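*Asks:* Got a structure for you, written out below as structure tokens; questions coming shortly.
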Amino acid sequence: MDAALPFRHYAPVFGPRAPDRLVGRQMTQLRYGIVTPSFRLDLQRCQMLLETTARWVAPHVHHYVVVDRRDRALFRPICNTRTELLDAEDLIPGWLMRVPGMNRFWLSLRTRPVRNWILQQMVKLAVGASLPEDVLLYADSDMFFVAPFDPRSFERDGAVPLLVESGQRGQIANNDRTHAQDARLLGLPIEASYDTNYIGNLIYWRQQNVLATLERVQEVGGEPWQKLIAPLNAFSEYVLYGLHSHRILGERSGHWHDEVVRTLSYWTPKPLSIQGLEELKSERQPFHHSVMISAKSGTSVSDIRRVFN
């Protein structure tokens, strides 16, 4: 089954896979990285994230930014010494490719055309199984830090947080549909998956769990995981990982369940004015180490910088 996982070829770029560090419930010092998929229209937002990461995040945390190869030259000037650019094309199988003029889809030689947002989630899964860090934290480029943050401070006997919000059935648009699809991929009862949410900002993934999740998908579906996920209309990488870690691995996942949303978030697709940004800022609590203002809102980056300094 491993031979079907194309991310294996990428690992040697960073050296061999780190060994499993769990010993009972104790753990040696974990290595952490932040992963941010981005693209040219989010360049200014990504720059703000990189600047605030350099300012507020513990220096042992490396930051990976994943972009399409065609956008690499645009992003190189905003990178700093703790940032590494990765090409999305190096993380996906060769039967997926960009076609000039085809901006919303990727051409697939094995499935129907793949939507950009599905491709981005496939990239997140592939990079999660490829990099040398024990734990990766996923931060979209419309998020930024506003307070000191060291992921090691959230460890509990070697376990790291997993966002698990309960009582979520019917609360989030399309959440039930996404859960049903991801439960099928994992061979889980569909009804058992509906009540929880694993989608948020700065989500923790353990590399060993990502590998186990993808291997489970392949065992259930009988095909390479990329081929099973590429043609889907409903899918969430965070739900897939969360369901596997929560419902299948359980106490073996190396996670503790965290219901505290530590990123102050604005999801509405409507721009915030200076006044609206000030009101959002006033809602910040001491446990909020970061802020997310959805790029879909169209809020001015210069206004965000002005209010949040």
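Chain labels run A, B, ... following the order of the structure tokens; each chain numbers its residues from 1, and ligands are numbered from 1 in the order shown.
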Please tabulate, as a Markdown table, the residues of region 75-99 of chain A that come within 10 Å of region 43-54 of chain A, each with its closest pair of atoms and the distance in Å to one decimal, counting only C-alpha atoms and ordering rows by chain, then residue number upward.

*Replies:*
```
| residue | atom | partner | partner_atom | distance |
| --- | --- | --- | --- | --- |
| A:Phe75 | CA | A:Leu43 | CA | 7.0 |
| A:Pro77 | CA | A:Gln47 | CA | 9.4 |
| A:Ile78 | CA | A:Gln47 | CA | 5.8 |
| A:Cys79 | CA | A:Leu50 | CA | 7.2 |
| A:Asn80 | CA | A:Leu50 | CA | 7.7 |
| A:Thr81 | CA | A:Ala54 | CA | 9.1 |
| A:Arg82 | CA | A:Ala54 | CA | 7.7 |
| A:Thr83 | CA | A:Leu50 | CA | 7.8 |
```

*Asks:* Got time to write the residues from that selection, N, CA, C and O atoms, as a PDB file, in the first residue's frame?

*Replies:*
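Saved to again.pdb:
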```pdb
ATOM      1  N   PHE A  75       6.355  35.330  -4.269  1.00  0.00           N
ATOM      2  CA  PHE A  75       6.425  35.120  -2.824  1.00  0.00           C
ATOM      3  C   PHE A  75       7.843  35.173  -2.270  1.00  0.00           C
ATOM      4  O   PHE A  75       8.023  35.442  -1.084  1.00  0.00           O
ATOM      5  N   PRO A  77      10.251  37.376  -2.330  1.00  0.00           N
ATOM      6  CA  PRO A  77      10.684  38.588  -1.630  1.00  0.00           C
ATOM      7  C   PRO A  77      10.079  38.770  -0.239  1.00  0.00           C
ATOM      8  O   PRO A  77      10.643  39.515   0.578  1.00  0.00           O
ATOM      9  N   ILE A  78       8.945  38.142   0.060  1.00  0.00           N
ATOM     10  CA  ILE A  78       8.331  38.345   1.375  1.00  0.00           C
ATOM     11  C   ILE A  78       8.800  37.311   2.403  1.00  0.00           C
ATOM     12  O   ILE A  78       8.449  37.397   3.573  1.00  0.00           O
ATOM     13  N   CYS A  79       9.604  36.341   1.973  1.00  0.00           N
ATOM     14  CA  CYS A  79      10.071  35.305   2.888  1.00  0.00           C
ATOM     15  C   CYS A  79      11.209  35.818   3.757  1.00  0.00           C
ATOM     16  O   CYS A  79      11.980  36.689   3.346  1.00  0.00           O
ATOM     17  N   ASN A  80      11.314  35.277   4.946  1.00  0.00           N
ATOM     18  CA  ASN A  80      12.417  35.626   5.838  1.00  0.00           C
ATOM     19  C   ASN A  80      13.217  34.361   6.135  1.00  0.00           C
ATOM     20  O   ASN A  80      12.991  33.309   5.524  1.00  0.00           O
ATOM     21  N   THR A  81      14.152  34.451   7.068  1.00  0.00           N
ATOM     22  CA  THR A  81      15.087  33.346   7.291  1.00  0.00           C
ATOM     23  C   THR A  81      14.416  32.091   7.850  1.00  0.00           C
ATOM     24  O   THR A  81      15.001  31.007   7.784  1.00  0.00           O
ATOM     25  N   ARG A  82      13.211  32.207   8.393  1.00  0.00           N
ATOM     26  CA  ARG A  82      12.535  31.032   8.930  1.00  0.00           C
ATOM     27  C   ARG A  82      11.429  30.539   8.015  1.00  0.00           C
ATOM     28  O   ARG A  82      10.629  29.701   8.403  1.00  0.00           O
ATOM     29  N   THR A  83      11.406  31.051   6.774  1.00  0.00           N
ATOM     30  CA  THR A  83      10.377  30.662   5.816  1.00  0.00           C
ATOM     31  C   THR A  83      10.981  29.814   4.712  1.00  0.00           C
ATOM     32  O   THR A  83      12.069  30.105   4.217  1.00  0.00           O
TER      33      THR A  83
END
```

*Asks:* May I have the residues within 6 Å of Ala180 (chain A) as a PyMOL selection string, using only C-alpha atoms and disregarding those fewer than 3 positions away in the same chain?

*Replies:* chain A and resi 177+183+190

*Asks:* Given the selection you just returned, output its residues as a file containing N, CA, C and O atoms, formatted as a PDB file, in the first residue's frame.

*Replies:*
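Wrote it out as result-v7.pdb, contents follow:
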```pdb
ATOM      1  N   ARG A 177     -22.851  17.190   5.509  1.00  0.00           N
ATOM      2  CA  ARG A 177     -22.534  16.547   4.227  1.00  0.00           C
ATOM      3  C   ARG A 177     -21.051  16.190   4.148  1.00  0.00           C
ATOM      4  O   ARG A 177     -20.675  15.104   3.705  1.00  0.00           O
ATOM      5  N   ALA A 183     -16.521  10.339   6.517  1.00  0.00           N
ATOM      6  CA  ALA A 183     -16.755   9.089   7.244  1.00  0.00           C
ATOM      7  C   ALA A 183     -16.738   7.906   6.275  1.00  0.00           C
ATOM      8  O   ALA A 183     -16.181   6.851   6.583  1.00  0.00           O
ATOM      9  N   ILE A 190     -21.739   6.762   9.325  1.00  0.00           N
ATOM     10  CA  ILE A 190     -21.934   8.176   9.000  1.00  0.00           C
ATOM     11  C   ILE A 190     -22.546   8.942  10.167  1.00  0.00           C
ATOM     12  O   ILE A 190     -22.080  10.026  10.523  1.00  0.00           O
TER      13      ILE A 190
END
```

*Asks:* Write out as a PyMOL selection string each polymer residue whose atoms come within 8 Å of Gln208 (chain A), counting only C-alpha atoms; drop sequence neighbours fewer than 3 positions from it.

*Replies:* chain A and resi 20+129+134+211-212

*Asks:* Go ahead and save the picked residues with N, CA and C atoms, as a tab-separated table (two decimals), in the first residue's frame.

*Replies:*
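File produced: result_17.tsv:
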```tsv
chain	number	residue	atom	x	y	z
A	20	ASP	N	9.22	7.69	15.51
A	20	ASP	CA	8.13	7.86	16.46
A	20	ASP	C	8.73	8.21	17.82
A	129	ALA	N	2.40	14.61	5.40
A	129	ALA	CA	3.07	13.31	5.45
A	129	ALA	C	4.51	13.38	4.98
A	134	ASP	N	7.59	16.71	13.66
A	134	ASP	CA	6.66	15.76	14.29
A	134	ASP	C	5.23	16.27	14.23
A	211	LEU	N	-0.06	9.94	8.03
A	211	LEU	CA	0.26	8.72	7.29
A	211	LEU	C	-0.77	7.63	7.54
A	212	ALA	N	-1.16	7.46	8.81
A	212	ALA	CA	-2.14	6.44	9.14
A	212	ALA	C	-3.50	6.75	8.53
```

*Asks:* At what distance in Å, to one decimal, does CA of Ile293 (chain A) lie from CA of Ser236 (chain A)?

*Replies:*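 CA of Ile293 (chain A) lies 20.0 Å from CA of Ser236 (chain A).
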
*Asks:* Just the strand (DSSP E or B) stuff from region 142-285 of chain A, please, per backbone DSSP, written as an MDAnalysis selection string.

*Replies:* chainID A and resid 143:145 149 156 159:163 165 197 203:206 255:258 263:266

*Asks:* Just give me the gap between CA of Arg305 (chain A) and CA of Asp68 (chain A) in Å, one decimal is fine.

*Replies:*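 Between these atoms lies a distance of 26.3 Å.
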
*Asks:* Mind the document's chain letters and residue numbers, and return as a count of residues only the residues of region 165-267 of chain A that DSSP labels alpha helix (DSSP H).

*Replies:* 39

*Asks:* One decimal, in Å: what's the spacing between CA of Leu85 (chain A) and CA of Val301 (chain A)?

*Replies:* 22.2 Å

*Asks:* Please identify every residue of region 119-163 of chain A that has at least one atom no farther than 10 Å from an atom of region 287-292 of chain A, counting only C-alpha atoms, and for each give the shortest atom pair and the distance in Å to one decimal, arranged by chain then increasing number, as a tab-separated table.

*Replies:*
```
residue	atom	partner	partner_atom	distance
A:Ala139	CA	A:Met292	CA	9.4
A:Asp140	CA	A:Met292	CA	8.5
A:Ser141	CA	A:Met292	CA	8.8
A:Asp142	CA	A:Met292	CA	5.8
A:Met143	CA	A:Met292	CA	4.2
A:Phe144	CA	A:Val291	CA	5.5
A:Phe145	CA	A:Ser290	CA	4.1
A:Val146	CA	A:Ser290	CA	5.2
A:Ala147	CA	A:His289	CA	4.9
A:Pro148	CA	A:His289	CA	6.7
A:Phe149	CA	A:His289	CA	6.5
A:Asp150	CA	A:His289	CA	9.9
```

*Asks:* Can you write just those residues out, N, CA, C and O atoms, as an mmCIF file, in the first residue's frame?

*Replies:*
```
data_model
loop_
_atom_site.group_PDB
_atom_site.id
_atom_site.type_symbol
_atom_site.label_atom_id
_atom_site.label_comp_id
_atom_site.auth_asym_id
_atom_site.auth_seq_id
_atom_site.Cartn_x
_atom_site.Cartn_y
_atom_site.Cartn_z
ATOM 1 N N ALA A 139 -1.976 27.071 9.107
ATOM 2 C CA ALA A 139 -2.429 28.450 9.241
ATOM 3 C C ALA A 139 -2.654 29.022 7.852
ATOM 4 O O ALA A 139 -1.703 29.154 7.075
ATOM 5 N N ASP A 140 -3.898 29.335 7.516
ATOM 6 C CA ASP A 140 -4.168 29.951 6.221
ATOM 7 C C ASP A 140 -3.608 31.359 6.193
ATOM 8 O O ASP A 140 -3.367 31.986 7.227
ATOM 9 N N SER A 141 -3.425 31.885 4.988
ATOM 10 C CA SER A 141 -2.717 33.158 4.859
ATOM 11 C C SER A 141 -3.548 34.369 5.270
ATOM 12 O O SER A 141 -3.010 35.480 5.314
ATOM 13 N N ASP A 142 -4.826 34.192 5.596
ATOM 14 C CA ASP A 142 -5.603 35.330 6.098
ATOM 15 C C ASP A 142 -5.645 35.357 7.626
ATOM 16 O O ASP A 142 -6.431 36.074 8.227
ATOM 17 N N MET A 143 -4.757 34.578 8.250
ATOM 18 C CA MET A 143 -4.592 34.595 9.697
ATOM 19 C C MET A 143 -3.308 35.345 10.047
ATOM 20 O O MET A 143 -2.402 35.426 9.225
ATOM 21 N N PHE A 144 -3.229 35.912 11.234
ATOM 22 C CA PHE A 144 -1.988 36.551 11.693
ATOM 23 C C PHE A 144 -1.943 36.499 13.212
ATOM 24 O O PHE A 144 -2.965 36.355 13.884
ATOM 25 N N PHE A 145 -0.723 36.574 13.755
ATOM 26 C CA PHE A 145 -0.527 36.469 15.196
ATOM 27 C C PHE A 145 -0.554 37.849 15.850
ATOM 28 O O PHE A 145 -0.130 38.848 15.251
ATOM 29 N N VAL A 146 -1.057 37.880 17.095
ATOM 30 C CA VAL A 146 -1.139 39.150 17.822
ATOM 31 C C VAL A 146 -0.575 39.027 19.242
ATOM 32 O O VAL A 146 -0.620 39.991 20.007
ATOM 33 N N ALA A 147 -0.035 37.858 19.574
ATOM 34 C CA ALA A 147 0.504 37.636 20.923
ATOM 35 C C ALA A 147 1.535 36.519 20.865
ATOM 36 O O ALA A 147 1.552 35.731 19.915
ATOM 37 N N PRO A 148 2.406 36.408 21.866
ATOM 38 C CA PRO A 148 3.413 35.351 21.877
ATOM 39 C C PRO A 148 2.767 33.966 21.783
ATOM 40 O O PRO A 148 1.746 33.699 22.428
ATOM 41 N N PHE A 149 3.396 33.087 20.991
ATOM 42 C CA PHE A 149 2.849 31.749 20.809
ATOM 43 C C PHE A 149 3.985 30.748 20.704
ATOM 44 O O PHE A 149 4.865 30.870 19.859
ATOM 45 N N ASP A 150 3.951 29.740 21.590
ATOM 46 C CA ASP A 150 4.879 28.612 21.534
ATOM 47 C C ASP A 150 4.048 27.345 21.647
ATOM 48 O O ASP A 150 3.456 27.084 22.706
#
```

*Asks:* With distances taken over only C-alpha atoms, which residue among A:Val67, A:Leu162, A:Val114, A:Val35 lies nearest Tyr138 (chain A)?

*Replies:* A:Val35

*Asks:* I want to know what sits within 12 Å of His244 (chain A), based on only C-alpha atoms, with residues of the same chain fewer than 2 positions away left out; could you give that as JSON, numbers by chain?

*Replies:* {"A": [162, 179, 182, 183, 184, 185, 186, 187, 188, 193, 198, 205, 206, 208, 209, 210, 211, 212, 213, 214, 215, 216, 217, 237, 238, 239, 240, 241, 242, 246, 247, 248, 249, 250, 251, 252, 253, 255]}
